[in-house]
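> Attaching a single structure in structure tokens format; questions to follow.
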Amino acid sequence: MVPDPPDRTFSETAFVDVGDRRVELRYLGRGHTDHDIVVVVSDAAVLFVGDLMENDAVPWFGDGYPLDWPETALRVAELAVGVVVPGHGRHAGSAFADQQAASILALAELARRVHRGEMTLDDAVRATPFPDYPAEEIRRPIQRALAQLRGELD
């Protein structure tokens, strides 16, 4: 199979006509990756957020930017006026987007506190904003944020 490269790119916002509907594509900043976008379907009050938000799971930070992600998640939450379709899990609404943004922000702040020596990594894991998940699923994102704080991520 030969890859079909894009014939159109954008930096922040683009519009695509899908039948009789105009769909907005938005890049809101780094989060799950450095190139996630959201899809805004205004006339249907639907926001597709991909893996910038996950319902019923801890967002995966494996190649993410935990210190940038909170601002991006807050920008996502500002766009959530109807149905939010996350990358994984059930569809939700604006309250979910607000809660997810707050949790991602809290996780980044825990990492900053560990980095400053105010708490241990184990204490941060116990203080997680995602209490229903195993410690290792919380430890990895905090460790990724610590790597970002040490300047190990670009």
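Labeling convention for the structure tokens: chains A, B, ... as they appear, residues from 1 per chain, ligands from 1 in order of appearance.
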Residues within 6 Å of Val38 of chain A, please, as JSON, numbers by chain. Count only C-alpha atoms; anything in the same chain fewer than 5 positions from it doesn't count.
{"A": [25, 26, 48, 49]}
> Enumerate as a PyMOL selection string all residues of chain A assigned to helix (DSSP H, G or I) by DSSP on the backbone, naming them with the chain letters and numbers the document uses.
chain A and resi 42-44+69-79+94-115+121-126+135-149
> Show which residues sit within 12 Å of segment 9-11 of chain A, as a list in words. Count only C-alpha atoms, and ignore same-chain residues fewer than 6 positions away.
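The residues that qualify are Glu24, Leu25, Arg26, Tyr27, Leu28, Gly29, Asp34, His35, Asp36 and Ile37 of chain A.
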> For His88 of chain A, which residue among A:Pro70, A:Gly19, A:Gly117, A:Gly50 is the nearest when counting only C-alpha atoms?
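Checking each of A:Pro70, A:Gly19, A:Gly117, A:Gly50 against His88 of chain A, counting only C-alpha atoms, the winner is A:Gly50.
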> Just to confirm, what's the straight-line distance from atom CA of Ser42 of chain A to atom CA of Trp69 of chain A in Å (one decimal)?
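Computed distance, atom CA of Ser42 of chain A to atom CA of Trp69 of chain A, equals 23.5 Å.
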> Check the smallest atom-to-atom distance from each of A:Glu12, A:Asp98, A:Glu118, A:Asp20 to Glu78 of chain A using only C-alpha atoms, then report the winner.
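When distances to Glu78 of chain A are compared using only C-alpha atoms, the smallest one comes from A:Asp98.
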> Considering only C-alpha atoms, return as JSON, numbers by chain whatever protein or nucleic-acid residues lie within 12 Å of Leu52 of chain A, sequence-local ones (same chain, fewer than 4 positions apart) excluded.
{"A": [27, 28, 29, 30, 31, 32, 33, 34, 35, 36, 37, 38, 39, 47, 48, 57, 58, 59, 60, 61, 63, 64, 65, 66, 68, 69, 70, 71, 72, 73, 74, 75, 76, 77, 84, 85, 86, 87, 88, 97, 100, 101, 104]}
> So which residues touch Gly89 of chain A within 8 Å, counting only C-alpha atoms, skipping near sequence neighbours fewer than 6 positions away, as number ranges by chain?
A: 54-57
> Include all heavy atoms and write out the residues we just selected as a PDB file, in the first residue's frame.

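Generated output (again23.pdb):
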```
ATOM      1  N   GLU A  54     -10.378  10.922  27.517  1.00  0.00           N
ATOM      2  CA  GLU A  54     -10.848   9.541  27.504  1.00  0.00           C
ATOM      3  C   GLU A  54     -11.827   9.357  28.647  1.00  0.00           C
ATOM      4  O   GLU A  54     -11.555   9.788  29.765  1.00  0.00           O
ATOM      5  CB  GLU A  54      -9.676   8.573  27.631  1.00  0.00           C
ATOM      6  CG  GLU A  54      -8.748   8.649  26.433  1.00  0.00           C
ATOM      7  CD  GLU A  54      -7.623   7.639  26.477  1.00  0.00           C
ATOM      8  OE1 GLU A  54      -7.695   6.675  27.258  1.00  0.00           O
ATOM      9  OE2 GLU A  54      -6.662   7.821  25.716  1.00  0.00           O
ATOM     10  N   ASN A  55     -12.932   8.741  28.356  1.00  0.00           N
ATOM     11  CA  ASN A  55     -13.935   8.476  29.374  1.00  0.00           C
ATOM     12  C   ASN A  55     -13.769   7.031  29.833  1.00  0.00           C
ATOM     13  O   ASN A  55     -13.511   6.150  29.018  1.00  0.00           O
ATOM     14  CB  ASN A  55     -15.343   8.705  28.807  1.00  0.00           C
ATOM     15  CG  ASN A  55     -16.348   9.007  29.877  1.00  0.00           C
ATOM     16  OD1 ASN A  55     -16.066   8.960  31.063  1.00  0.00           O
ATOM     17  ND2 ASN A  55     -17.564   9.337  29.457  1.00  0.00           N
ATOM     18  N   ASP A  56     -13.908   6.789  31.106  1.00  0.00           N
ATOM     19  CA  ASP A  56     -13.781   5.455  31.691  1.00  0.00           C
ATOM     20  C   ASP A  56     -12.347   4.930  31.648  1.00  0.00           C
ATOM     21  O   ASP A  56     -12.129   3.726  31.696  1.00  0.00           O
ATOM     22  CB  ASP A  56     -14.718   4.447  30.997  1.00  0.00           C
ATOM     23  CG  ASP A  56     -16.170   4.891  31.029  1.00  0.00           C
ATOM     24  OD1 ASP A  56     -16.610   5.377  32.083  1.00  0.00           O
ATOM     25  OD2 ASP A  56     -16.858   4.755  30.002  1.00  0.00           O
ATOM     26  N   ALA A  57     -11.373   5.815  31.534  1.00  0.00           N
ATOM     27  CA  ALA A  57      -9.963   5.405  31.520  1.00  0.00           C
ATOM     28  C   ALA A  57      -9.093   6.617  31.836  1.00  0.00           C
ATOM     29  O   ALA A  57      -9.518   7.755  31.677  1.00  0.00           O
ATOM     30  CB  ALA A  57      -9.580   4.835  30.160  1.00  0.00           C
TER      31      ALA A  57
END
```
